[in-house]
file my_file22.csv (CSV, C-alpha atoms and all ligand atoms)
chain,number,residue,atom,x,y,z
A,1,MET,CA,24.7,43.9,-15.1
A,2,GLN,CA,23.0,43.6,-18.5
A,3,TYR,CA,22.7,39.9,-17.8
A,4,TYR,CA,20.2,40.4,-15.0
A,5,LEU,CA,17.8,42.1,-17.3
A,6,LYS,CA,17.7,39.1,-19.6
A,7,ILE,CA,16.7,36.6,-16.9
A,8,PRO,CA,13.1,35.4,-17.6
A,9,ARG,CA,11.9,36.4,-14.1
A,10,LYS,CA,8.3,35.4,-14.7
A,11,ALA,CA,9.4,31.8,-15.6
A,12,ILE,CA,11.6,31.6,-12.5
A,13,PHE,CA,8.7,32.9,-10.4
A,14,TYR,CA,6.3,30.3,-11.7
A,15,ASP,CA,8.9,27.5,-11.2
A,16,ILE,CA,9.3,28.4,-7.6
A,17,ILE,CA,5.6,28.5,-7.0
A,18,PHE,CA,5.1,25.3,-8.9
A,19,SER,CA,7.8,23.4,-6.9
A,20,MET,CA,6.2,24.6,-3.7
A,21,LYS,CA,2.7,23.5,-4.7
A,22,LYS,CA,3.9,20.1,-6.2
A,23,ALA,CA,1.4,18.9,-8.7
A,24,HIS,CA,-1.0,21.7,-8.1
A,25,ASP,CA,-3.0,23.0,-11.1
A,26,ILE,CA,-2.2,20.0,-13.3
A,27,LYS,CA,-4.9,18.9,-15.6
A,28,ILE,CA,-5.2,15.5,-17.3
A,29,ARG,CA,-7.1,15.2,-20.5
A,30,HIS,CA,-7.1,13.4,-23.9
A,31,ILE,CA,-4.9,14.9,-26.6
A,32,LYS,CA,-6.2,17.1,-29.4
A,33,MET,CA,-5.1,16.1,-32.9
A,34,LEU,CA,-3.1,19.3,-33.4
A,35,GLU,CA,-1.0,18.5,-30.3
A,36,ILE,CA,0.5,15.3,-31.5
A,37,LYS,CA,3.8,16.7,-32.7
A,38,LYS,CA,4.3,18.4,-29.3
A,39,VAL,CA,3.7,15.2,-27.5
A,40,VAL,CA,6.1,13.2,-29.8
A,41,ASP,CA,8.7,15.9,-29.2
A,42,LEU,CA,8.2,15.8,-25.5
A,43,ARG,CA,8.5,12.0,-25.4
A,44,HIS,CA,11.6,12.2,-27.6
A,45,ARG,CA,13.3,14.7,-25.4
A,46,SER,CA,12.4,12.8,-22.2
A,47,PHE,CA,14.4,9.7,-23.2
A,48,LYS,CA,18.2,9.6,-22.9
A,49,ILE,CA,20.1,9.9,-26.2
A,50,PRO,CA,21.0,7.2,-27.2
A,51,TYR,CA,18.3,5.3,-25.3
A,52,LYS,CA,20.1,2.0,-25.4
A,53,PRO,CA,23.9,1.8,-25.0
A,54,ASN,CA,24.5,0.4,-28.5
A,55,THR,CA,22.3,2.8,-30.3
A,56,PHE,CA,23.7,5.7,-32.3
A,57,ALA,CA,22.3,9.1,-31.5
A,58,LEU,CA,21.6,9.6,-35.2
A,59,LYS,CA,19.2,6.6,-35.1
A,60,HIS,CA,17.3,8.3,-32.3
A,61,ILE,CA,16.9,11.4,-34.5
A,62,ILE,CA,15.8,9.4,-37.5
A,63,ARG,CA,13.3,7.6,-35.3
A,64,HIS,CA,11.6,10.9,-34.4
A,65,LYS,CA,9.9,11.0,-37.8
A,66,GLU,CA,8.8,7.4,-37.4
A,67,HIS,CA,7.4,8.0,-34.0
A,68,LEU,CA,5.3,11.0,-35.2
A,69,GLN,CA,3.9,8.9,-38.0
A,70,ASN,CA,3.1,6.1,-35.6
A,71,ALA,CA,1.4,8.4,-33.2
A,72,VAL,CA,-0.8,9.9,-35.9
A,73,GLN,CA,-1.7,6.4,-37.1
A,74,GLN,CA,-2.5,5.3,-33.6
A,75,ILE,CA,-4.8,8.2,-33.0
A,76,LYS,CA,-6.5,8.0,-36.4
A,77,SER,CA,-7.1,4.3,-36.2
A,78,GLY,CA,-8.3,4.5,-32.6
A,79,GLY,CA,-5.8,1.8,-31.7
A,80,ALA,CA,-4.3,3.8,-28.9
A,81,LYS,CA,-5.3,6.9,-27.0
A,82,ILE,CA,-3.0,9.6,-25.6
A,83,LEU,CA,-3.5,11.5,-22.4
A,84,VAL,CA,-1.6,14.7,-21.6
A,85,ALA,CA,-0.8,16.5,-18.4
A,86,THR,CA,-1.0,20.2,-18.8
A,87,LYS,CA,0.0,23.1,-16.6
A,88,ILE,CA,-1.5,26.5,-17.7
A,89,ASP,CA,-2.1,25.0,-21.2
A,90,LYS,CA,1.5,23.8,-21.5
A,91,ILE,CA,1.9,20.1,-22.1
A,92,ILE,CA,4.3,18.7,-19.6
A,93,GLY,CA,3.7,15.0,-19.7
A,94,SER,CA,1.9,12.3,-21.6
A,95,ILE,CA,1.0,8.6,-21.6
A,96,ARG,CA,-0.6,6.3,-24.1
A,97,TYR,CA,-2.9,3.4,-23.6
A,98,LYS,CA,-4.7,0.8,-25.5
A,99,ILE,CA,-7.4,-1.7,-24.6
A,100,LEU,CA,-6.3,-5.3,-25.3
A,101,PRO,CA,-8.8,-8.0,-26.2
A,102,ASN,CA,-8.2,-10.0,-23.0
A,103,GLN,CA,-9.9,-7.4,-20.7
A,104,LYS,CA,-6.6,-5.6,-20.2
A,105,ILE,CA,-5.5,-2.0,-20.6
A,106,PHE,CA,-1.9,-1.5,-21.7
A,107,LEU,CA,-0.1,1.7,-20.8
A,108,PHE,CA,3.0,2.9,-22.7
A,109,GLY,CA,4.9,6.0,-23.9
A,110,LEU,CA,5.0,7.6,-20.4
A,111,ALA,CA,7.2,10.7,-20.3
A,112,ILE,CA,7.4,13.8,-18.2
A,113,LEU,CA,9.5,16.9,-19.1
A,114,LYS,CA,12.6,16.9,-17.0
A,115,ARG,CA,11.9,20.1,-15.0
A,116,TYR,CA,8.5,18.8,-13.9
A,117,ARG,CA,9.6,15.4,-12.6
A,118,GLY,CA,9.3,14.2,-9.0
A,119,ARG,CA,6.0,15.9,-8.5
A,120,GLY,CA,3.6,13.0,-8.9
A,121,ILE,CA,2.6,13.9,-12.5
A,122,ALA,CA,3.5,10.4,-13.9
A,123,LYS,CA,1.5,8.9,-11.0
A,124,MET,CA,-1.5,11.1,-12.0
A,125,LEU,CA,-1.4,10.0,-15.6
A,126,ILE,CA,-1.1,6.3,-14.6
A,127,GLU,CA,-4.0,6.7,-12.2
A,128,LYS,CA,-6.1,8.2,-14.9
A,129,VAL,CA,-5.4,5.2,-17.1
A,130,GLU,CA,-6.4,2.9,-14.2
A,131,GLU,CA,-9.6,5.0,-13.7
A,132,ILE,CA,-10.5,4.5,-17.4
A,133,GLY,CA,-9.8,0.8,-17.2
A,134,LYS,CA,-12.1,0.5,-14.1
A,135,LYS,CA,-14.9,2.4,-15.8
A,136,LYS,CA,-14.7,0.0,-18.7
A,137,LYS,CA,-14.8,-2.9,-16.2
A,138,LEU,CA,-11.4,-4.2,-17.4
A,139,LEU,CA,-9.5,-6.7,-15.2
A,140,ASN,CA,-5.9,-5.7,-15.4
A,141,ILE,CA,-3.5,-2.8,-16.3
A,142,THR,CA,-0.3,-3.9,-17.9
A,143,LEU,CA,3.0,-2.3,-19.0
A,144,GLU,CA,6.5,-3.1,-20.2
A,145,CYS,CA,9.6,-1.3,-18.9
A,146,GLU,CA,13.4,-1.7,-18.8
A,147,GLN,CA,15.1,-3.2,-15.8
A,148,GLU,CA,18.4,-1.4,-16.3
A,149,ARG,CA,16.7,2.0,-16.0
A,150,GLY,CA,15.3,1.3,-12.5
A,151,LEU,CA,11.7,1.5,-13.7
A,152,PRO,CA,10.4,-1.7,-12.1
A,153,GLN,CA,11.1,-0.2,-8.7
A,154,TYR,CA,9.1,2.9,-9.7
A,155,TYR,CA,6.1,0.9,-10.9
A,156,LYS,CA,6.2,-1.4,-7.8
A,157,LYS,CA,5.7,1.7,-5.6
A,158,LEU,CA,2.4,2.2,-7.6
A,159,GLY,CA,1.2,-1.4,-6.9
A,160,PHE,CA,2.4,-3.2,-10.1
A,161,LYS,CA,4.0,-6.6,-9.8
A,162,VAL,CA,6.5,-8.3,-12.1
A,163,ASP,CA,4.9,-11.0,-14.3
A,164,LYS,CA,7.8,-11.9,-16.6
A,165,THR,CA,11.4,-10.7,-17.4
A,166,LYS,CA,12.8,-11.1,-20.9
A,167,LYS,CA,16.6,-11.0,-21.3
A,168,HIS,CA,18.1,-9.3,-24.4
A,169,ARG,CA,21.7,-8.8,-25.4
A,170,ASP,CA,22.1,-5.5,-23.5
A,171,HIS,CA,19.0,-5.1,-21.4
A,172,HIS,CA,16.0,-6.8,-19.8
A,173,ASP,CA,12.4,-6.1,-20.6
A,174,VAL,CA,10.1,-6.4,-17.6
A,175,TYR,CA,6.4,-7.1,-18.0
A,176,MET,CA,4.3,-5.9,-15.1
A,177,SER,CA,0.6,-5.7,-14.2
A,178,LYS,CA,-1.9,-4.7,-11.6
A,179,THR,CA,-5.4,-5.9,-10.9
A,180,LEU,CA,-8.1,-3.3,-11.3
A,181,LYS,CA,-10.7,-3.5,-8.6
A,201,LIG,C1,9.8,7.8,-15.2
A,201,LIG,C2,9.1,9.1,-15.3
A,201,LIG,C3,7.9,9.0,-16.2
A,201,LIG,C4,8.6,9.5,-13.8
A,201,LIG,O1,7.9,10.7,-13.9
A,201,LIG,P1,7.6,11.6,-12.6
A,201,LIG,O2,6.5,12.5,-12.8
A,201,LIG,O3,8.9,12.2,-12.1
A,201,LIG,O4,7.2,10.5,-11.5
A,201,LIG,P2,6.4,10.7,-10.1
A,201,LIG,O5,6.6,12.1,-9.7
A,201,LIG,O6,5.1,10.1,-10.2
A,201,LIG,O7,7.3,9.8,-9.2
A,201,LIG,C5,8.6,10.2,-8.8
A,201,LIG,C6,9.2,9.1,-8.0
A,201,LIG,O8,9.6,8.1,-8.9
A,201,LIG,C7,11.0,7.8,-8.8
A,201,LIG,N1,11.5,7.6,-10.1
A,201,LIG,C8,11.4,8.3,-11.2
A,201,LIG,N2,12.1,7.7,-12.3
A,201,LIG,C9,12.6,6.6,-11.8
A,201,LIG,C10,13.4,5.5,-12.3
A,201,LIG,N3,13.9,5.5,-13.6
A,201,LIG,N4,13.8,4.5,-11.5
A,201,LIG,C11,13.4,4.5,-10.2
A,201,LIG,N5,12.6,5.4,-9.6
A,201,LIG,C12,12.3,6.5,-10.4
A,201,LIG,C13,11.6,9.1,-8.3
A,201,LIG,O9,12.8,8.9,-7.6
A,201,LIG,C14,10.4,9.6,-7.3
A,201,LIG,O10,10.5,8.8,-6.1
A,201,LIG,P3,9.9,9.4,-4.7
A,201,LIG,O11,8.4,9.6,-4.9
A,201,LIG,O12,10.2,8.3,-3.7
A,201,LIG,O13,10.6,10.7,-4.5
A,201,LIG,C15,10.0,10.3,-15.7
A,201,LIG,O14,11.2,10.2,-14.9
A,201,LIG,C16,10.4,10.2,-17.2
A,201,LIG,O15,9.8,10.8,-18.0
A,201,LIG,N6,11.5,9.5,-17.5
A,201,LIG,C17,12.0,9.3,-18.9
A,201,LIG,C18,11.0,8.5,-19.7
A,201,LIG,C19,10.7,7.1,-19.1
A,201,LIG,O16,11.7,6.4,-18.6
A,201,LIG,N7,9.5,6.7,-19.2
A,201,LIG,C20,9.0,5.4,-18.6
A,201,LIG,C21,8.9,4.4,-19.8
A,201,LIG,S1,8.3,2.8,-19.2

call {"tool": "encode", "arguments": {"input": "my_file22.csv", "output": "structure tokens"}}
result
Amino acid sequence: MQYYLKIPRKAIFYDIIFSMKKAHDIKIRHIKMLEIKKVVDLRHRSFKIPYKPNTFALKHIIRHKEHLQNAVQQIKSGGAKILVATKIDKIIGSIRYKILPNQKIFLFGLAILKRYRGRGIAKMLIEKVEEIGKKKKLLNITLECEQERGLPQYYKKLGFKVDKTKKHRDHHDVYMSKTLK
């Protein structure tokens, strides 16, 4: 009986309400400098360990530090920007983007916490990047993803088309784009 008292009822209650309301109450905004570690952790947890079949789990852990340094560097240099999706101030998803010289906006680093997936949050983040691209009068939005993880199907549903596929030893990188009108 003791166990029942330990259940975080408030958390369960919010989860039920949240799943009923889908992406209700989600805010998309640019990251604050102090939140970088949270976003790197989120992204790290969102990807399967090991990410690629021939990668050791240890390498994934070592790369965490590298990813944090990269993110800080990207933000400081202004080379890339990070958007976060928040729910009652909790960061539940993120995406990065950078503007390329050829009138393109490139999106990468998309990740949503497992328990918040399937509610259109990734779609909201991608649409926000598209909106930014349109405001800046850019021509295309582009991305790279991995064929073996089913991702091209996901992006096709959002209007992206395949431009090129590159074969590697154990996976295929798919380059996709969408015209911004
Ligand atoms: C891919 C990812 C960002 C999608 O986030 P999400 O918020 O669940 O996406 P949305 O709610 O906008 O879309 C959900 C839809 O996408 C589909 N989908 C999600 N991941 C998919 C995948 N890997 N392959 C094919 N379809 C996928 C779901 O089945 C769902 O379909 P439905 O709308 O027909 O029910 C999330 O699964 C994730 O963080 N994955 C791990 C990191 C990753 O792979 N990032 C992409 C790097 S390019």

call {"tool": "closest_residue", "arguments": {"input": "my_file22.csv", "among": "A:Leu125, A:Leu68, A:Ile88, A:Leu151", "to": "Leu42 (chain A)", "atoms": "only C-alpha atoms"}}
result
A:Leu68

call {"tool": "closest_residue", "arguments": {"input": "my_file22.csv", "among": "A:Leu107, A:Ile28, A:Ile126, A:Ile36", "to": "Cys145 (chain A)", "atoms": "all atoms listed in the file"}}
result
A:Leu107

call {"tool": "closest_atom_pairs", "arguments": {"input": "my_file22.csv", "of": "chain A", "to": "ligand LIG 201 (chain A)", "cutoff": "9 Å", "atoms": "all atoms listed in the file", "output": "CSV"}}
result
residue,atom,partner,partner_atom,distance
A:Ala23,CA,A:LIG201,O5,8.6
A:Arg43,CA,A:LIG201,C18,7.1
A:His44,CA,A:LIG201,C18,8.7
A:Arg45,CA,A:LIG201,C17,8.5
A:Ser46,CA,A:LIG201,C17,4.8
A:Phe47,CA,A:LIG201,C17,4.9
A:Lys48,CA,A:LIG201,C17,7.4
A:Gly93,CA,A:LIG201,O15,7.6
A:Ser94,CA,A:LIG201,C3,8.7
A:Ile95,CA,A:LIG201,C3,8.8
A:Leu107,CA,A:LIG201,S1,8.6
A:Phe108,CA,A:LIG201,S1,6.4
A:Gly109,CA,A:LIG201,C21,5.9
A:Leu110,CA,A:LIG201,N7,4.7
A:Ala111,CA,A:LIG201,O15,3.5
A:Ile112,CA,A:LIG201,O15,3.8
A:Leu113,CA,A:LIG201,O15,6.2
A:Lys114,CA,A:LIG201,O15,6.8
A:Arg115,CA,A:LIG201,O3,8.9
A:Tyr116,CA,A:LIG201,O2,6.7
A:Arg117,CA,A:LIG201,O3,3.3
A:Gly118,CA,A:LIG201,O5,3.5
A:Arg119,CA,A:LIG201,O5,4.0
A:Gly120,CA,A:LIG201,O5,3.2
A:Ile121,CA,A:LIG201,O2,4.2
A:Ala122,CA,A:LIG201,O2,3.8
A:Lys123,CA,A:LIG201,O6,3.9
A:Met124,CA,A:LIG201,O6,6.9
A:Leu125,CA,A:LIG201,O6,8.5
A:Ile126,CA,A:LIG201,O6,8.5
A:Leu143,CA,A:LIG201,S1,7.4
A:Glu144,CA,A:LIG201,S1,6.2
A:Cys145,CA,A:LIG201,S1,4.3
A:Glu146,CA,A:LIG201,S1,6.8
A:Gln147,CA,A:LIG201,N4,8.9
A:Glu148,CA,A:LIG201,N3,8.7
A:Arg149,CA,A:LIG201,N3,5.1
A:Gly150,CA,A:LIG201,N4,3.7
A:Leu151,CA,A:LIG201,N4,4.3
A:Pro152,CA,A:LIG201,N4,7.1
A:Gln153,CA,A:LIG201,C11,5.4
A:Tyr154,CA,A:LIG201,N5,4.3
A:Tyr155,CA,A:LIG201,N5,8.0
A:Lys157,CA,A:LIG201,O8,8.2
A:Leu158,CA,A:LIG201,O6,8.7

call {"tool": "closest_residue", "arguments": {"input": "my_file22.csv", "among": "A:Lys98, A:Lys135, A:Arg29, A:His168", "to": "Thr86 (chain A)", "atoms": "all atoms listed in the file"}}
result
A:Arg29

call {"tool": "residues_near_point", "arguments": {"input": "my_file22.csv", "point": "(5.5, -7.2, -13.1)", "cutoff": "9 Å", "atoms": "all atoms listed in the file", "output": "mmCIF file with C-alpha atoms, in the frame of the given file"}}
result
data_model
loop_
_atom_site.group_PDB
_atom_site.id
_atom_site.type_symbol
_atom_site.label_atom_id
_atom_site.label_comp_id
_atom_site.auth_asym_id
_atom_site.auth_seq_id
_atom_site.Cartn_x
_atom_site.Cartn_y
_atom_site.Cartn_z
ATOM 1 C CA THR A 142 -0.300 -3.900 -17.900
ATOM 2 C CA LEU A 143 3.000 -2.300 -19.000
ATOM 3 C CA GLU A 144 6.500 -3.100 -20.200
ATOM 4 C CA PRO A 152 10.400 -1.700 -12.100
ATOM 5 C CA TYR A 155 6.100 0.900 -10.900
ATOM 6 C CA LYS A 156 6.200 -1.400 -7.800
ATOM 7 C CA PHE A 160 2.400 -3.200 -10.100
ATOM 8 C CA LYS A 161 4.000 -6.600 -9.800
ATOM 9 C CA VAL A 162 6.500 -8.300 -12.100
ATOM 10 C CA ASP A 163 4.900 -11.000 -14.300
ATOM 11 C CA LYS A 164 7.800 -11.900 -16.600
ATOM 12 C CA THR A 165 11.400 -10.700 -17.400
ATOM 13 C CA VAL A 174 10.100 -6.400 -17.600
ATOM 14 C CA TYR A 175 6.400 -7.100 -18.000
ATOM 15 C CA MET A 176 4.300 -5.900 -15.100
ATOM 16 C CA SER A 177 0.600 -5.700 -14.200
ATOM 17 C CA LYS A 178 -1.900 -4.700 -11.600
#
